[in-house]
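A.B. asks: My structure file upload.txt, compact mmCIF, C-alpha atoms and all ligand atoms, is below:
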# COMPACT_ATOMS: atom_id res chain seq x y z
CA MET A 8 28.33 19.72 -30.24
CA LYS A 9 25.48 21.79 -28.87
CA THR A 10 22.71 22.63 -31.34
CA TYR A 11 21.29 26.12 -30.95
CA TYR A 12 17.68 26.52 -31.86
CA ASN A 13 15.50 29.16 -33.31
CA VAL A 14 13.93 30.35 -30.04
CA GLU A 15 11.32 32.95 -30.78
CA MET A 16 9.95 34.91 -27.82
CA LEU A 17 6.40 36.28 -27.75
CA PRO A 18 6.32 40.07 -28.17
CA LYS A 19 4.45 40.18 -24.86
CA GLU A 20 4.21 37.45 -22.20
CA LYS A 21 0.84 35.65 -22.03
CA VAL A 22 -0.66 34.37 -18.80
CA PHE A 23 -3.27 31.72 -17.98
CA ARG A 24 -5.01 31.97 -14.63
CA ASP A 25 -4.47 28.85 -12.55
CA PRO A 26 -5.98 28.06 -9.15
CA VAL A 27 -2.80 26.33 -7.92
CA HIS A 28 -0.01 28.57 -9.23
CA GLY A 29 -1.82 31.88 -9.66
CA TYR A 30 -0.56 32.46 -13.19
CA ILE A 31 1.02 30.23 -15.80
CA HIS A 32 3.46 32.46 -17.72
CA ILE A 33 3.95 31.75 -21.43
CA GLN A 34 6.95 33.51 -22.96
CA HIS A 35 7.91 31.46 -26.03
CA GLN A 36 5.94 31.36 -29.26
CA VAL A 37 6.54 27.61 -29.54
CA VAL A 38 5.01 26.93 -26.10
CA LEU A 39 1.88 28.87 -27.03
CA ASP A 40 1.73 27.04 -30.38
CA LEU A 41 2.03 23.67 -28.59
CA VAL A 42 -0.83 24.53 -26.24
CA ASN A 43 -2.95 25.38 -29.28
CA THR A 44 -2.42 22.04 -31.06
CA LYS A 45 -5.32 19.62 -31.27
CA GLU A 46 -3.34 16.89 -29.48
CA PHE A 47 -2.71 19.15 -26.48
CA GLN A 48 -6.26 20.53 -26.41
CA ARG A 49 -7.49 16.93 -26.25
CA LEU A 50 -6.07 16.76 -22.71
CA ARG A 51 -8.90 19.05 -21.59
CA ARG A 52 -11.24 16.10 -22.18
CA ILE A 53 -9.31 13.62 -20.04
CA LYS A 54 -9.66 13.75 -16.28
CA GLN A 55 -6.42 13.71 -14.34
CA LEU A 56 -7.62 11.31 -11.66
CA GLY A 57 -9.97 8.94 -13.54
CA THR A 58 -12.36 7.29 -11.09
CA SER A 59 -11.20 9.31 -8.04
CA SER A 60 -13.93 11.87 -8.72
CA PHE A 61 -16.50 9.24 -7.72
CA THR A 62 -15.05 9.53 -4.20
CA PHE A 63 -13.77 13.14 -4.18
CA HIS A 64 -16.35 14.90 -6.31
CA GLY A 65 -14.20 18.02 -6.75
CA ALA A 66 -11.48 16.05 -8.49
CA GLU A 67 -12.76 16.73 -12.01
CA HIS A 68 -9.61 18.53 -13.16
CA SER A 69 -8.00 17.53 -16.42
CA ARG A 70 -4.62 16.47 -17.75
CA PHE A 71 -4.59 19.87 -19.46
CA ASN A 72 -4.51 21.79 -16.14
CA HIS A 73 -1.82 19.53 -14.76
CA SER A 74 0.39 19.74 -17.87
CA LEU A 75 0.35 23.54 -17.73
CA GLY A 76 1.19 23.36 -14.02
CA VAL A 77 4.22 21.13 -14.62
CA TYR A 78 5.37 23.55 -17.30
CA GLU A 79 5.06 26.49 -14.87
CA ILE A 80 7.06 24.78 -12.10
CA ALA A 81 9.79 23.84 -14.61
CA ARG A 82 9.82 27.44 -15.86
CA ARG A 83 10.25 28.78 -12.33
CA ILE A 84 13.10 26.35 -11.69
CA CYS A 85 14.86 27.47 -14.90
CA ASP A 86 14.44 31.11 -13.82
CA LYS A 87 15.92 30.38 -10.42
CA PHE A 88 18.82 28.40 -11.92
CA VAL A 89 19.79 31.02 -14.48
CA ARG A 90 19.61 33.82 -11.88
CA ASN A 91 21.69 32.05 -9.26
CA TYR A 92 23.72 29.34 -10.96
CA PRO A 93 24.50 30.29 -14.57
CA THR A 94 27.12 28.11 -16.20
CA VAL A 95 30.56 29.59 -16.79
CA GLU A 96 32.17 26.74 -18.66
CA PRO A 97 30.89 23.36 -19.88
CA GLY A 98 30.90 20.64 -17.22
CA ASP A 99 30.92 23.01 -14.22
CA GLY A 100 27.66 21.52 -12.90
CA LEU A 101 25.83 24.83 -13.25
CA TRP A 102 22.82 25.67 -15.44
CA ASP A 103 23.08 26.25 -19.17
CA ASP A 104 19.99 28.25 -20.13
CA ASN A 105 20.17 26.89 -23.67
CA GLU A 106 18.47 23.87 -22.07
CA ARG A 107 15.42 25.92 -21.11
CA LEU A 108 13.27 25.36 -24.17
CA VAL A 109 13.72 21.59 -24.35
CA THR A 110 12.99 21.42 -20.60
CA LEU A 111 9.82 23.52 -20.89
CA CYS A 112 8.52 21.56 -23.87
CA ALA A 113 9.16 18.21 -22.18
CA ALA A 114 7.42 19.48 -19.01
CA LEU A 115 4.41 20.64 -21.01
CA LEU A 116 4.14 17.48 -23.09
CA HIS A 117 5.11 14.76 -20.60
CA ASP A 118 1.53 13.40 -20.22
CA LEU A 119 0.40 13.86 -23.83
CA GLY A 120 -0.04 10.12 -24.42
CA HIS A 121 -2.55 9.61 -21.61
CA GLY A 122 -5.93 8.38 -22.75
CA PRO A 123 -9.32 8.14 -21.05
CA PHE A 124 -9.14 6.19 -17.77
CA SER A 125 -5.53 5.50 -18.67
CA HIS A 126 -4.54 2.74 -16.30
CA THR A 127 -7.64 0.64 -16.88
CA PHE A 128 -7.55 1.18 -20.63
CA GLU A 129 -3.88 0.14 -20.72
CA LYS A 130 -4.64 -3.10 -18.90
CA ILE A 131 -7.41 -4.05 -21.33
CA PHE A 132 -5.89 -2.94 -24.64
CA GLY A 133 -2.15 -3.09 -23.94
CA THR A 134 -1.48 0.58 -24.73
CA ASP A 135 1.36 2.45 -22.98
CA HIS A 136 0.99 6.17 -22.30
CA GLU A 137 4.74 6.82 -22.23
CA ASP A 138 5.29 5.18 -25.61
CA LEU A 139 2.32 7.11 -26.95
CA THR A 140 3.66 10.41 -25.62
CA ILE A 141 6.88 9.78 -27.54
CA GLN A 142 4.96 8.74 -30.66
CA ILE A 143 2.85 11.91 -30.62
CA ILE A 144 6.00 14.01 -30.29
CA THR A 145 7.98 12.22 -33.00
CA SER A 146 5.30 11.23 -35.55
CA PRO A 147 5.36 13.63 -38.54
CA ASP A 148 1.55 13.40 -38.69
CA THR A 149 0.84 15.35 -35.51
CA GLU A 150 0.52 19.11 -35.05
CA ILE A 151 2.77 18.78 -31.99
CA ASN A 152 5.58 17.42 -34.17
CA GLN A 153 5.12 20.18 -36.74
CA VAL A 154 5.36 22.90 -34.08
CA LEU A 155 8.45 21.32 -32.51
CA ARG A 156 10.18 20.96 -35.89
CA GLU A 157 9.95 24.69 -36.42
CA VAL A 158 12.43 25.06 -33.58
CA GLY A 159 14.89 22.66 -35.19
CA LEU A 160 14.59 19.48 -37.21
CA ASP A 161 16.01 17.35 -34.41
CA PHE A 162 14.11 19.18 -31.67
CA PRO A 163 11.22 16.64 -31.43
CA ASN A 164 13.77 13.89 -30.78
CA GLN A 165 15.42 15.96 -28.06
CA VAL A 166 12.11 16.53 -26.29
CA ALA A 167 11.28 12.83 -26.63
CA ALA A 168 14.70 11.95 -25.19
CA VAL A 169 13.97 13.95 -22.02
CA ILE A 170 10.75 11.99 -21.56
CA ALA A 171 12.50 8.68 -22.29
CA LYS A 172 15.22 9.74 -19.78
CA THR A 173 17.97 9.28 -22.38
CA TYR A 174 18.70 13.00 -22.72
CA PRO A 175 22.38 13.63 -21.86
CA ASN A 176 21.88 16.44 -19.30
CA PRO A 177 20.70 14.88 -15.99
CA GLN A 178 19.53 18.26 -14.67
CA VAL A 179 16.90 18.41 -17.41
CA VAL A 180 15.83 14.78 -16.97
CA GLN A 181 15.56 15.02 -13.18
CA MET A 182 13.56 18.24 -13.33
CA ILE A 183 10.88 16.33 -15.28
CA SER A 184 11.28 12.89 -13.79
CA SER A 185 12.81 11.97 -10.44
CA GLN A 186 11.65 11.46 -6.86
CA ILE A 187 11.15 15.21 -6.55
CA ASP A 188 10.29 16.63 -9.95
CA ALA A 189 8.02 19.27 -11.47
CA ASP A 190 5.49 16.56 -12.39
CA ARG A 191 5.04 15.22 -8.85
CA MET A 192 5.14 18.64 -7.25
CA ASP A 193 2.32 19.82 -9.49
CA TYR A 194 0.09 16.77 -9.22
CA LEU A 195 0.31 16.59 -5.43
CA LEU A 196 -0.70 20.25 -5.00
CA ARG A 197 -3.29 20.11 -7.77
CA ASP A 198 -4.90 16.81 -6.78
CA ALA A 199 -5.06 17.96 -3.14
CA TYR A 200 -6.62 21.28 -4.18
CA TYR A 201 -9.30 19.73 -6.39
CA SER A 202 -10.11 16.78 -4.14
CA GLY A 203 -10.48 19.17 -1.21
CA VAL A 204 -8.01 17.44 1.13
CA THR A 205 -5.06 19.11 2.83
CA TYR A 206 -2.65 16.16 2.83
CA GLY A 207 -0.90 17.01 -0.44
CA THR A 208 0.15 20.52 0.50
CA PHE A 209 3.78 21.43 1.04
CA ASP A 210 5.87 24.57 0.72
CA LEU A 211 6.58 24.78 -3.04
CA THR A 212 7.96 28.32 -2.75
CA ARG A 213 10.52 27.13 -0.22
CA ILE A 214 11.51 24.13 -2.36
CA LEU A 215 12.01 26.41 -5.36
CA ARG A 216 14.20 28.59 -3.17
CA VAL A 217 16.55 25.76 -2.14
CA ILE A 218 16.70 23.72 -5.36
CA ARG A 219 19.97 23.96 -7.32
CA PRO A 220 21.74 22.35 -10.26
CA ALA A 221 24.65 19.97 -9.65
CA GLU A 222 26.99 17.96 -11.79
CA LYS A 223 24.90 14.78 -11.49
CA GLY A 224 21.52 16.50 -11.68
CA ILE A 225 19.46 18.34 -9.12
CA ILE A 226 20.27 18.89 -5.47
CA PHE A 227 18.91 20.97 -2.55
CA GLU A 228 20.43 23.29 -0.03
CA ASN A 229 20.61 21.86 3.43
CA SER A 230 18.36 24.56 4.86
CA GLY A 231 15.46 23.22 2.78
CA MET A 232 15.47 19.77 4.38
CA HIS A 233 12.16 20.18 6.22
CA ALA A 234 10.36 21.45 3.11
CA VAL A 235 11.55 18.38 1.17
CA GLU A 236 10.70 16.07 4.08
CA ASP A 237 7.20 17.55 4.16
CA TYR A 238 6.85 16.93 0.41
CA ILE A 239 7.72 13.22 0.85
CA VAL A 240 5.28 12.84 3.75
CA SER A 241 2.57 14.66 1.74
CA ARG A 242 3.13 12.35 -1.17
CA TYR A 243 2.83 9.29 1.08
CA GLN A 244 -0.40 10.61 2.60
CA MET A 245 -1.91 11.44 -0.80
CA TYR A 246 -1.32 7.87 -1.98
CA MET A 247 -2.83 6.38 1.15
CA GLN A 248 -5.79 8.76 1.45
CA VAL A 249 -6.66 9.77 -2.13
CA TYR A 250 -5.00 7.75 -4.90
CA PHE A 251 -5.53 4.35 -3.23
CA HIS A 252 -8.99 5.11 -1.85
CA PRO A 253 -10.87 1.76 -1.77
CA VAL A 254 -14.06 3.24 -3.26
CA SER A 255 -12.28 4.81 -6.27
CA ARG A 256 -10.65 1.44 -6.82
CA GLY A 257 -14.11 -0.17 -6.52
CA MET A 258 -15.24 2.02 -9.44
CA GLU A 259 -12.07 1.16 -11.33
CA MET A 260 -12.89 -2.53 -10.90
CA VAL A 261 -16.37 -1.97 -12.36
CA LEU A 262 -14.83 -0.05 -15.28
CA TYR A 263 -12.23 -2.74 -15.89
CA HIS A 264 -14.85 -5.49 -16.06
CA LEU A 265 -17.15 -3.38 -18.21
CA MET A 266 -14.47 -2.79 -20.85
CA LYS A 267 -13.34 -6.40 -20.59
CA ARG A 268 -16.90 -7.61 -21.21
CA ALA A 269 -17.25 -5.32 -24.24
CA LYS A 270 -13.98 -6.59 -25.67
CA ASP A 271 -14.93 -10.24 -25.05
CA ILE A 272 -18.31 -9.78 -26.71
CA TYR A 273 -16.69 -8.21 -29.74
CA GLN A 274 -13.75 -10.58 -30.08
CA ASN A 275 -15.70 -13.76 -29.53
CA ASP A 276 -18.67 -12.68 -31.62
CA LEU A 277 -20.88 -13.44 -28.65
CA GLN A 278 -23.48 -11.14 -30.14
CA GLU A 279 -23.92 -7.93 -32.09
CA PHE A 280 -23.75 -4.67 -30.16
CA HIS A 281 -27.01 -2.75 -30.38
CA HIS A 282 -24.98 0.35 -31.14
CA ASN A 283 -21.65 0.37 -32.90
CA ALA A 284 -18.71 1.48 -30.76
CA THR A 285 -16.94 2.70 -33.89
CA PHE A 286 -14.01 4.44 -32.20
CA LEU A 287 -13.26 1.37 -30.06
CA GLU A 288 -13.33 -1.14 -32.91
CA PRO A 289 -9.64 -0.69 -33.86
CA PHE A 290 -8.81 -1.54 -30.24
CA PHE A 291 -11.11 -4.57 -30.11
CA ASN A 292 -9.46 -5.74 -33.36
CA ASN A 293 -5.99 -4.79 -32.16
CA THR A 294 -5.37 -2.87 -35.39
CA TRP A 295 -5.31 0.61 -33.84
CA GLU A 296 -2.98 3.36 -34.93
CA LEU A 297 -2.03 6.66 -33.32
CA LYS A 298 -4.90 8.50 -35.06
CA ASP A 299 -7.42 6.05 -33.52
CA TYR A 300 -5.96 6.61 -30.07
CA LEU A 301 -6.17 10.39 -30.43
CA ARG A 302 -9.91 10.20 -31.13
CA LEU A 303 -10.62 8.82 -27.66
CA ASP A 304 -11.41 10.81 -24.54
CA ASP A 305 -13.54 10.43 -21.41
CA GLY A 306 -16.65 11.67 -23.22
CA VAL A 307 -16.32 9.18 -26.08
CA LEU A 308 -16.05 6.26 -23.68
CA THR A 309 -18.89 7.35 -21.43
CA THR A 310 -21.11 7.81 -24.50
CA TYR A 311 -20.49 4.17 -25.40
CA PHE A 312 -21.23 3.15 -21.81
CA SER A 313 -24.58 4.95 -22.10
CA HIS A 314 -25.33 3.01 -25.30
CA TRP A 315 -24.47 -0.23 -23.56
CA LEU A 316 -27.06 0.44 -20.83
CA ASP A 317 -29.74 -0.90 -23.17
CA ASP A 318 -27.64 -3.59 -24.78
CA SER A 319 -29.16 -7.08 -24.79
CA ASP A 320 -26.14 -8.60 -23.04
CA PRO A 321 -27.19 -8.54 -19.38
CA THR A 322 -23.61 -8.43 -18.06
CA LEU A 323 -22.65 -5.51 -20.28
CA SER A 324 -25.72 -3.46 -19.45
CA ASP A 325 -25.48 -4.26 -15.74
CA LEU A 326 -21.82 -3.20 -15.53
CA ALA A 327 -22.51 -0.06 -17.60
CA GLY A 328 -25.24 0.88 -15.13
CA ARG A 329 -22.97 0.27 -12.14
CA PHE A 330 -20.37 2.58 -13.67
CA LEU A 331 -22.63 5.40 -14.86
CA HIS A 332 -24.77 5.41 -11.73
CA ARG A 333 -21.89 4.97 -9.32
CA ALA A 334 -22.31 1.55 -7.76
CA PRO A 335 -18.72 0.65 -6.85
CA PHE A 336 -17.75 -2.89 -5.98
CA LYS A 337 -17.25 -3.29 -2.26
CA SER A 338 -14.02 -4.61 -0.84
CA VAL A 339 -12.17 -6.15 2.05
CA ARG A 340 -8.47 -5.92 2.68
CA PHE A 341 -6.50 -9.15 2.91
CA ASP A 342 -3.04 -10.49 3.35
CA ARG A 343 -2.13 -12.77 0.44
CA GLU A 344 0.09 -15.06 2.48
CA LYS A 345 -2.25 -15.57 5.38
CA ASP A 346 -5.76 -15.13 3.93
CA TRP A 347 -5.53 -16.70 0.49
CA PRO A 348 -7.59 -19.86 1.36
CA THR A 349 -10.36 -17.62 2.75
CA ILE A 350 -10.32 -15.48 -0.39
CA GLN A 351 -10.64 -18.59 -2.55
CA ALA A 352 -13.56 -19.83 -0.44
CA MET A 353 -15.27 -16.44 -0.78
CA GLN A 354 -14.72 -16.50 -4.54
CA SER A 355 -16.31 -19.92 -4.90
CA LEU A 356 -19.29 -18.75 -2.86
CA MET A 357 -19.70 -15.84 -5.29
CA GLU A 358 -19.66 -18.29 -8.18
CA GLU A 359 -22.31 -20.43 -6.47
CA MET A 360 -24.44 -17.31 -6.13
CA GLY A 361 -24.35 -17.05 -9.93
CA TYR A 362 -21.78 -14.31 -10.48
CA ASN A 363 -19.50 -14.89 -13.45
CA PRO A 364 -16.05 -14.72 -11.86
CA ASN A 365 -14.58 -13.12 -14.99
CA TYR A 366 -16.67 -9.99 -14.55
CA TYR A 367 -17.76 -9.74 -10.94
CA MET A 368 -14.83 -10.51 -8.71
CA SER A 369 -11.24 -9.51 -8.58
CA THR A 370 -8.37 -8.74 -6.33
CA ASN A 371 -6.64 -5.40 -6.63
CA ASN A 372 -3.34 -4.39 -5.13
CA SER A 373 -2.15 -0.81 -4.98
CA PHE A 374 1.32 -0.21 -3.62
CA ASP A 375 3.69 2.73 -3.79
CA LEU A 376 7.24 3.32 -2.66
CA PRO A 377 7.17 6.74 -0.94
CA TYR A 378 10.95 7.19 -1.22
CA ASP A 379 13.94 5.04 -2.04
CA LEU A 380 17.70 5.21 -2.05
CA TYR A 381 19.74 4.86 -5.20
CA ARG A 382 20.42 1.14 -5.61
CA PRO A 383 23.00 0.75 -8.37
CA HIS A 384 22.43 -2.96 -8.88
CA LYS A 385 18.65 -2.81 -9.10
CA ALA A 386 16.74 -2.34 -12.35
CA GLY A 387 14.71 0.89 -12.42
CA SER A 388 16.68 2.32 -9.52
CA LYS A 389 15.88 5.91 -8.57
CA THR A 390 18.11 8.92 -8.10
CA GLN A 391 18.09 9.75 -4.40
CA ILE A 392 17.34 13.17 -2.98
CA GLU A 393 20.45 14.91 -1.67
CA PHE A 394 21.36 18.08 0.21
CA MET A 395 24.46 20.18 0.06
CA GLU A 396 25.81 21.54 3.31
CA LYS A 397 27.62 24.89 3.46
CA ASN A 398 31.04 23.20 3.33
CA GLY A 399 30.03 21.26 0.20
CA THR A 400 29.34 17.92 1.93
CA ILE A 401 26.49 15.92 0.37
CA VAL A 402 23.89 14.31 2.66
CA GLU A 403 21.18 11.93 1.44
CA LEU A 404 17.59 12.69 2.57
CA SER A 405 16.89 9.63 4.76
CA GLN A 406 20.16 10.29 6.62
CA ALA A 407 19.00 13.80 7.39
CA SER A 408 15.37 13.03 8.23
CA SER A 409 14.28 10.28 10.60
CA ILE A 410 10.68 10.74 9.37
CA VAL A 411 11.71 9.99 5.78
CA SER A 412 13.97 7.23 7.01
CA ALA A 413 10.88 5.43 8.39
CA LEU A 414 9.31 5.49 4.89
CA THR A 415 12.43 4.66 2.88
CA GLY A 416 12.49 1.55 0.72
CA LYS A 417 9.18 0.22 2.07
CA MET A 418 6.22 -0.42 -0.19
CA ARG A 419 3.01 1.05 1.25
CA GLY A 420 -0.51 0.13 0.21
CA ASP A 421 -2.81 -2.85 0.39
CA GLU A 422 -4.45 -5.71 -1.50
CA ARG A 423 -8.22 -6.03 -1.53
CA LEU A 424 -10.88 -8.46 -2.70
CA TYR A 425 -13.62 -6.71 -4.71
CA PHE A 426 -17.18 -8.01 -5.06
CA PRO A 427 -20.66 -6.66 -5.90
CA ARG A 428 -22.06 -4.63 -3.07
CA GLU A 429 -25.37 -6.49 -2.88
CA ILE A 430 -23.68 -9.65 -1.60
CA THR A 431 -23.22 -8.11 1.81
CA HIS A 432 -26.10 -5.61 1.53
CA GLY A 433 -28.37 -7.93 -0.45
CA PHE A 434 -31.76 -7.33 1.07
CA SER A 435 -34.82 -6.78 -1.08
CA GLU A 436 -37.47 -4.25 -0.12
CA GLU A 437 -39.29 -6.91 1.85
CA GLY A 438 -36.20 -7.52 3.92
CA ILE A 439 -35.48 -10.91 2.40
CA ASN A 440 -31.85 -11.69 1.79
CA LEU A 441 -31.57 -12.24 -1.94
CA PHE A 442 -28.86 -14.81 -1.66
CA ASP A 443 -29.92 -16.73 1.46
CA ASN A 444 -27.30 -18.73 3.21
CA LEU A 445 -24.56 -18.37 0.61
CA ALA A 446 -24.36 -14.65 1.28
CA GLU A 447 -24.57 -15.34 5.00
CA GLN A 448 -21.57 -17.62 4.72
CA PHE A 449 -19.76 -14.98 2.69
CA LYS A 450 -20.50 -12.33 5.26
CA SER A 451 -19.45 -14.61 8.10
CA TYR A 452 -15.92 -14.66 6.71
CA ILE A 453 -15.83 -10.91 7.05
CA GLU A 454 -17.65 -10.64 10.35
CA ASN A 455 -15.63 -13.38 12.06
CA ASP A 456 -12.48 -11.41 11.37
CA GLU A 457 -11.02 -14.16 9.27
CA ILE A 458 -9.66 -11.40 7.11
CA ILE A 459 -8.97 -7.76 7.79
CA THR A 460 -12.22 -5.88 7.31
CA GLU A 461 -11.34 -2.20 7.42
ZN ZN B 501 2.16 14.23 -15.00
Rewrite the coordinates I just gave you, this time as structure tokens.

C.D. replies:
Amino acid sequence: MKTYYNVEMLPKEKVFRDPVHGYIHIQHQVVLDLVNTKEFQRLRRIKQLGTSSFTFHGAEHSRFNHSLGVYEIARRICDKFVRNYPTVEPGDGLWDDNERLVTLCAALLHDLGHGPFSHTFEKIFGTDHEDLTIQIITSPDTEINQVLREVGLDFPNQVAAVIAKTYPNPQVVQMISSQIDADRMDYLLRDAYYSGVTYGTFDLTRILRVIRPAEKGIIFENSGMHAVEDYIVSRYQMYMQVYFHPVSRGMEMVLYHLMKRAKDIYQNDLQEFHHNATFLEPFFNNTWELKDYLRLDDGVLTTYFSHWLDDSDPTLSDLAGRFLHRAPFKSVRFDREKDWPTIQAMQSLMEEMGYNPNYYMSTNNSFDLPYDLYRPHKAGSKTQIEFMEKNGTIVELSQASSIVSALTGKMRGDERLYFPREITHGFSEEGINLFDNLAEQFKSYIENDEIITE
């Protein structure tokens, strides 16, 4: 049975100015109350793109901006659905506007569990932003949970179910999470806008015009095929040109090793820190709770990095300096099957030069699947993008677009070897190579085209 909630509207709509969408329109009291919680405000202090701003200096926007943007796109989709496809009877595949509030709240809160430099932090401390999002929504200790419970006692669980993709209505789930959802549409436009590139742009207005509800979720009118095709190509280009940029990844490698060194020092009692990293201690000890996680943001971590600059551990202070003063590790692309012996030889040369392999060298692979078909027998299979022709026939995207067909089911990206920049640029002021013939040997692997050097 459907639960109907206490849905209080604001006496007058509120708007937030947004550079991507013009205005974000807030109409429900609960949405405004969620924005005003301390857990949501914390997202202002977490950059959306982590280390990408070291490459694209405009990309300083926060998870807060993006979350509001996802909310606004979801709101516009609900408006379009209720205007054009209101349900008449249950199960008719049309839109039931009683789903609006749970959809809007899930859209707004979908990234709530992200922490500072999320992906790197997760690798070091084993946190999971999706689990944390659900915890923040369902834990009775958060302001978010208290606001959601005012709508209905079970409402936090319903919002969490949308994010966990277990919510029964596939239209709601796919609007927040699918191969063409409000989340992706916002981050592509927003990340393109703030990084200053034009790759990520596509015709959102047109997509919102042709999107429609269907029995199994969300579908598009046939006439919108080129707008959807352009969105897929934009997404592919953003991954190749912005998200997987080798220099941003070079900064991510420095950050990873810096946090790893700090954790190793702490856990193995190698030495005392000069300054206590109080907020990180529960993570070093692996005793952290939700309240510890919610105290972290980009500023807290960078403050600790500044303290570590004058720490007596030379590795820690060196890596902190490389991060704060932007000295990314350099990289070369390689093919694991063909080039692995060369990579191993290069790694042993680095060791001979005195670099601790645990903190100064690593491989990094970044791959993305631009678009995929629904594969019923594969774990984590995606819902495919489909169009409805005038006569009701359904056509899948890669059948309709030869451009998308070329990208379908193929992982795109690369694997790179990362190393300190001075190995290949290691000349002192007097022009003497700091590493003599070892570095020369290292460079010769790159210069002789034994691996791909772009
Ligand atoms: Zn998101």

A.B. asks: Would you please work out which residue, of A:Ser405, A:Thr390, A:Ser324, A:Asn72, is nearest to ligand ZN 501 (chain B) when using all atoms listed in the file?

C.D. replies: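 Distance minimum relative to ligand ZN 501 (chain B) lands on A:Asn72.
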
A.B. asks: Dump as CSV the rows for residues of region 305-402 of chain A within 10 Å of region 247-260 of chain A: closest atom pair and distance in Å with one decimal, all atoms listed in the file counted, ordered by chain and rising residue number.

C.D. replies:
residue,atom,partner,partner_atom,distance
A:Arg329,CA,A:Met258,CA,8.4
A:Phe330,CA,A:Met258,CA,6.7
A:Leu331,CA,A:Met258,CA,9.8
A:Arg333,CA,A:Met258,CA,7.3
A:Ala334,CA,A:Met258,CA,7.3
A:Pro335,CA,A:Met258,CA,4.5
A:Phe336,CA,A:Gly257,CA,4.6
A:Lys337,CA,A:Gly257,CA,6.1
A:Ser338,CA,A:Pro253,CA,7.2
A:Val339,CA,A:Pro253,CA,8.9
A:Arg340,CA,A:Pro253,CA,9.2
A:Tyr366,CA,A:Met260,CA,9.1
A:Tyr367,CA,A:Met260,CA,8.7
A:Met368,CA,A:Met260,CA,8.5
A:Ser369,CA,A:Met260,CA,7.5
A:Thr370,CA,A:Met260,CA,8.9
A:Asn371,CA,A:Arg256,CA,7.9
A:Asn372,CA,A:Phe251,CA,9.2
A:Ser373,CA,A:Phe251,CA,6.4
A:Phe374,CA,A:Phe251,CA,8.2
A:Asp375,CA,A:Met247,CA,9.0

A.B. asks: Counting all atoms listed in the file, which of A:Phe312, A:Tyr243, A:Tyr30, A:Phe449 gets nearest to Leu414 (chain A)?

C.D. replies: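 The answer is A:Tyr243, which sits nearest to Leu414 (chain A).
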
A.B. asks: Per residue of chain A within 8 Å of ligand ZN 501 (chain B), record the nearest atom pair and its distance in Å to one decimal, counting only C-alpha atoms and all ligand atoms, with rows in chain order and ascending residue number, as a tab-separated table.

C.D. replies:
residue	atom	partner	partner_atom	distance
A:Arg70	CA	B:ZN501	ZN	7.7
A:His73	CA	B:ZN501	ZN	6.6
A:Ser74	CA	B:ZN501	ZN	6.5
A:Val77	CA	B:ZN501	ZN	7.2
A:His117	CA	B:ZN501	ZN	6.4
A:Asp118	CA	B:ZN501	ZN	5.3
A:Asp190	CA	B:ZN501	ZN	4.8
A:Arg191	CA	B:ZN501	ZN	6.9
A:Asp193	CA	B:ZN501	ZN	7.9
A:Tyr194	CA	B:ZN501	ZN	6.6

A.B. asks: Neighbouring residues of Thr431 (chain A) were defined as those with any atom within 7 Å, considering all atoms listed in the file; residues of the same chain fewer than 2 positions away were excluded. Please report them as a list in words.

C.D. replies: Arg428, Glu429, Gly433, Ala446 and Lys450 of chain A

A.B. asks: Counting only C-alpha atoms, which of A:Ile218, A:Met232, A:Leu160, A:Ile430 gets nearest to Asp86 (chain A)?

C.D. replies: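 Checking each of A:Ile218, A:Met232, A:Leu160, A:Ile430 against Asp86 (chain A), counting only C-alpha atoms, the winner is A:Ile218.
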
A.B. asks: Output as CSV one row per residue of region 89-116 of chain A within 10 Å of region 174-180 of chain A: the closest atom pair and its distance in Å to one decimal place, counting all atoms listed in the file, sorted by chain and residue number ascending.

C.D. replies:
residue,atom,partner,partner_atom,distance
A:Gly100,CA,A:Gln178,CA,8.9
A:Leu101,CA,A:Gln178,CA,9.2
A:Trp102,CA,A:Gln178,CA,8.1
A:Asp103,CA,A:Gln178,CA,9.8
A:Glu106,CA,A:Val179,CA,7.3
A:Arg107,CA,A:Val179,CA,8.5
A:Val109,CA,A:Val179,CA,8.3
A:Thr110,CA,A:Val179,CA,5.9
A:Leu111,CA,A:Val179,CA,9.4
A:Ala113,CA,A:Val179,CA,9.1
A:Ala114,CA,A:Val179,CA,9.7

A.B. asks: Choose the residue, out of A:Thr94, A:Thr322, A:Ser125, A:Gln391, that has the smallest atom-to-atom separation from Ile225 (chain A); count all atoms listed in the file.

C.D. replies: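 Looking only at the distances to Ile225 (chain A), the closest residue turns out to be A:Gln391.
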
A.B. asks: Could you state the separation of CA of Phe227 (chain A) and CA of Phe394 (chain A) in Å, given to one decimal place?

C.D. replies: 4.7 Å

A.B. asks: Find the residues with any atom within 7 Å of (8.2, 16.8, -33.8); use all atoms listed in the file and the coordinates as given in the file, and write the answer as a ChimeraX atom specification.

C.D. replies: /A:144-147,151-156,162-164

A.B. asks: Using all atoms listed in the file, which residues sit within 9 Å of region 45-47 of chain A once same-chain residues fewer than 6 positions away are excluded, as a CSV table (one decimal) with C-alpha atoms, in the coordinates of the input?

C.D. replies:
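Result file is out20.csv:
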chain,number,residue,atom,x,y,z
A,71,PHE,CA,-4.6,19.9,-19.5
A,116,LEU,CA,4.1,17.5,-23.1
A,119,LEU,CA,0.4,13.9,-23.8
A,143,ILE,CA,2.8,11.9,-30.6
A,149,THR,CA,0.8,15.4,-35.5
A,150,GLU,CA,0.5,19.1,-35.0
A,151,ILE,CA,2.8,18.8,-32.0
A,301,LEU,CA,-6.2,10.4,-30.4
